[in-house]
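Novice: Have a look at the structure that comes next, please.
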Amino acid sequence: MKILLLNLGYCSGLDGSMHDYVFHGPRYLHTPARIAVAVESAVMQLVHTEEPDICCFLEMHKKSALVKDLRDFPCSDVEDKYGLKSLLRHLPFFSDNCNGFFARTDVPYSKRFFRKGAKKLIYELHIGSDATLLMCHFSLSEKVRKKQFREIEAIIGERKKVILCGDFNIFHGTDEIKELMSVCNLKAVSHEPTFPTIHPKRTLDLFLCTPDILITRCETVQSFHGSDHLPVILEFQV
């Protein structure tokens, strides 16, 4: 099975440089059509090249053309990333800020929500052989991240086969997740920097797996240019 993980950055086409954030940051409010089309084309080219079984996308818009482009995936869900009772779900700038997954086969799934933080959505996918895929977008606040890591530890519990993926936002390095990895018996299988795209320095986008997941490939796609994050591909045996 192959999983694609990518923080799309709302298809704004920023490269993660301070220059781009300063001079092109308004794209988060309104992305010119030519930029959005170019990013969506790059994403679809990546999907056609890698042919993942499951695409895990962070920071996407439910109303974007990309969602329509991915209609060939028969099982999918795109959900507002904020809490069910969050005011952010109803504010103009935030109400279409989503995460989502797209799978080539029917995958039983459920949605959970962190108690702490603004970004609360957790996808839980059951991918066969008693294996669980959890997808999260952790907080920018280190203090809140620590609380979210504790919540994830409780969710993983005694499960033997778990893949935890997402944008961990660990700007201070992997020391932040040592306790999480130890408590849940997880190992990091993606180590290459994924942010910023222009000069990758930080490993923010990760796959953490239990030992019972037999990994055959984990690779950051260095050639992708469509977001401030690089995509990561994980292949494993089910």
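Labels used: A, B, ... for chains in the order of the structure tokens, numbers from 1 for residues in each chain, and numbers from 1 for ligands as shown.
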Give me the residues of stretch 153-188 of chain A that have any atom at most 8 Å from an atom of stretch 130-149 of chain A; for each, the nearest atom pair and the distance in Å, rounded to one decimal. Use only C-alpha atoms, sort by chain and number, and format it as a Markdown table.

Specialist:
```
| residue | atom | partner | partner_atom | distance |
| --- | --- | --- | --- | --- |
| A:Glu153 | CA | A:Phe149 | CA | 6.2 |
| A:Lys160 | CA | A:Ala131 | CA | 7.7 |
| A:Lys161 | CA | A:Ala131 | CA | 4.7 |
| A:Val162 | CA | A:Thr132 | CA | 4.9 |
| A:Ile163 | CA | A:Leu133 | CA | 4.8 |
| A:Leu164 | CA | A:Leu134 | CA | 4.8 |
| A:Cys165 | CA | A:Met135 | CA | 5.0 |
| A:Gly166 | CA | A:Cys136 | CA | 4.9 |
| A:Asp167 | CA | A:His137 | CA | 5.0 |
| A:Phe168 | CA | A:Phe138 | CA | 5.1 |
| A:Asn169 | CA | A:Leu140 | CA | 5.9 |
| A:Ile170 | CA | A:Glu142 | CA | 7.7 |
| A:Glu176 | CA | A:Lys146 | CA | 7.9 |
| A:Ile177 | CA | A:Phe149 | CA | 7.7 |
| A:Leu180 | CA | A:Phe149 | CA | 6.3 |
```

Novice: Keeping only N, CA and C atoms, write the selected residues as an mmCIF file, in the first residue's frame.

Specialist:
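Now in part_25.cif:
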```
data_model
loop_
_atom_site.group_PDB
_atom_site.id
_atom_site.type_symbol
_atom_site.label_atom_id
_atom_site.label_comp_id
_atom_site.auth_asym_id
_atom_site.auth_seq_id
_atom_site.Cartn_x
_atom_site.Cartn_y
_atom_site.Cartn_z
ATOM 1 N N GLU A 153 -1.423 9.810 22.334
ATOM 2 C CA GLU A 153 -0.947 8.632 23.064
ATOM 3 C C GLU A 153 -2.138 7.831 23.599
ATOM 4 N N LYS A 160 -1.485 -2.465 18.080
ATOM 5 C CA LYS A 160 -0.194 -2.981 17.626
ATOM 6 C C LYS A 160 0.256 -2.379 16.306
ATOM 7 N N LYS A 161 -0.707 -2.106 15.421
ATOM 8 C CA LYS A 161 -0.348 -1.634 14.080
ATOM 9 C C LYS A 161 -0.921 -0.243 13.861
ATOM 10 N N VAL A 162 -0.049 0.745 13.904
ATOM 11 C CA VAL A 162 -0.479 2.136 13.783
ATOM 12 C C VAL A 162 0.482 2.905 12.885
ATOM 13 N N ILE A 163 -0.091 3.726 12.017
ATOM 14 C CA ILE A 163 0.674 4.719 11.266
ATOM 15 C C ILE A 163 0.113 6.074 11.653
ATOM 16 N N LEU A 164 0.959 6.935 12.169
ATOM 17 C CA LEU A 164 0.571 8.294 12.534
ATOM 18 C C LEU A 164 1.276 9.240 11.572
ATOM 19 N N CYS A 165 0.504 10.029 10.841
ATOM 20 C CA CYS A 165 1.118 10.945 9.877
ATOM 21 C C CYS A 165 0.508 12.327 9.996
ATOM 22 N N GLY A 166 1.225 13.308 9.465
ATOM 23 C CA GLY A 166 0.706 14.669 9.456
ATOM 24 C C GLY A 166 1.803 15.704 9.497
ATOM 25 N N ASP A 167 1.361 16.938 9.648
ATOM 26 C CA ASP A 167 2.277 18.065 9.841
ATOM 27 C C ASP A 167 2.416 18.250 11.345
ATOM 28 N N PHE A 168 3.579 17.868 11.865
ATOM 29 C CA PHE A 168 3.789 17.888 13.316
ATOM 30 C C PHE A 168 4.192 19.270 13.831
ATOM 31 N N ASN A 169 4.609 20.162 12.943
ATOM 32 C CA ASN A 169 5.017 21.520 13.337
ATOM 33 C C ASN A 169 6.072 21.515 14.445
ATOM 34 N N ILE A 170 6.981 20.555 14.404
ATOM 35 C CA ILE A 170 8.015 20.465 15.445
ATOM 36 C C ILE A 170 9.229 21.300 15.013
ATOM 37 N N GLU A 176 10.995 16.866 20.381
ATOM 38 C CA GLU A 176 9.639 17.147 20.848
ATOM 39 C C GLU A 176 8.752 15.899 20.873
ATOM 40 N N ILE A 177 9.050 14.945 20.012
ATOM 41 C CA ILE A 177 8.168 13.776 19.903
ATOM 42 C C ILE A 177 8.801 12.516 20.489
ATOM 43 N N LEU A 180 6.331 10.818 22.899
ATOM 44 C CA LEU A 180 5.247 10.222 22.120
ATOM 45 C C LEU A 180 5.695 8.910 21.485
#
```

Novice: So which residues touch A:Leu70 within 9 Å, counting only C-alpha atoms, skipping near sequence neighbours fewer than 5 positions away, as a PDB file with N, CA and C atoms, in the first residue's frame?

Specialist:
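Output file result_20.pdb follows:
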```pdb
ATOM      1  N   MET A  44      -1.897  16.974  -9.252  1.00  0.00           N
ATOM      2  CA  MET A  44      -2.445  15.861 -10.030  1.00  0.00           C
ATOM      3  C   MET A  44      -1.350  15.100 -10.769  1.00  0.00           C
ATOM      4  N   ALA A  65     -11.056  23.343  -7.058  1.00  0.00           N
ATOM      5  CA  ALA A  65     -11.132  22.478  -8.235  1.00  0.00           C
ATOM      6  C   ALA A  65     -10.403  21.166  -7.997  1.00  0.00           C
ATOM      7  N   PHE A 102      -8.302  10.868   0.345  1.00  0.00           N
ATOM      8  CA  PHE A 102      -8.878  10.291  -0.865  1.00  0.00           C
ATOM      9  C   PHE A 102      -8.288   8.898  -1.028  1.00  0.00           C
TER      10      PHE A 102
END
```

Novice: Name the residues of stretch 150-212 of chain A that come out as alpha helix (DSSP H) in a backbone DSSP run; write them as a PyMOL selection string.

Specialist: chain A and resi 150-156+178-184

Novice: Determine the nearest neighbour of A:Asp228 from the options A:Cys209, A:Pro193, A:Thr174, A:Ser182, counting only C-alpha atoms.

Specialist: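 Nearest candidate to A:Asp228 out of A:Cys209, A:Pro193, A:Thr174, A:Ser182: A:Pro193.
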
Novice: Between A:Leu4, A:Ala118, A:Ser17, A:Arg27, which is the closest to A:His48 once you count only C-alpha atoms?

Specialist: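 Using only C-alpha atoms, the shortest distance to A:His48 belongs to A:Leu4.
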
Novice: Could you name the residues that touch A:Phe93 at 7 Å or less, counting only C-alpha atoms, but leaving out those on the same chain fewer than 2 positions away, as a PDB file with C-alpha atoms, in the first residue's frame?

Specialist:
```
ATOM      1  CA  LEU A  29      -7.064  35.396   1.171  1.00  0.00           C
ATOM      2  CA  LEU A  91     -15.808  33.028   9.988  1.00  0.00           C
ATOM      3  CA  SER A  95     -14.767  28.410   7.203  1.00  0.00           C
TER       4      SER A  95
END
```

Novice: Quick one: pull the distance between atom CA of A:Arg202 and atom CA of A:Ile152, Å, one decimal.

Specialist: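 Those two atoms sit 22.1 Å apart.
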
Novice: Given only C-alpha atoms as the basis, pick out the residue of A:Ile215, A:Ala154, A:Ile35, A:Val43 nearest to A:Leu6.

Specialist: A:Val43

Novice: Might you pull out every residue within 8 Å of A:Pro211, with only C-alpha atoms counted and same-chain residues fewer than 2 positions away left off, and present them as number ranges by chain?

Specialist: A: 161, 185-187, 209, 213-214
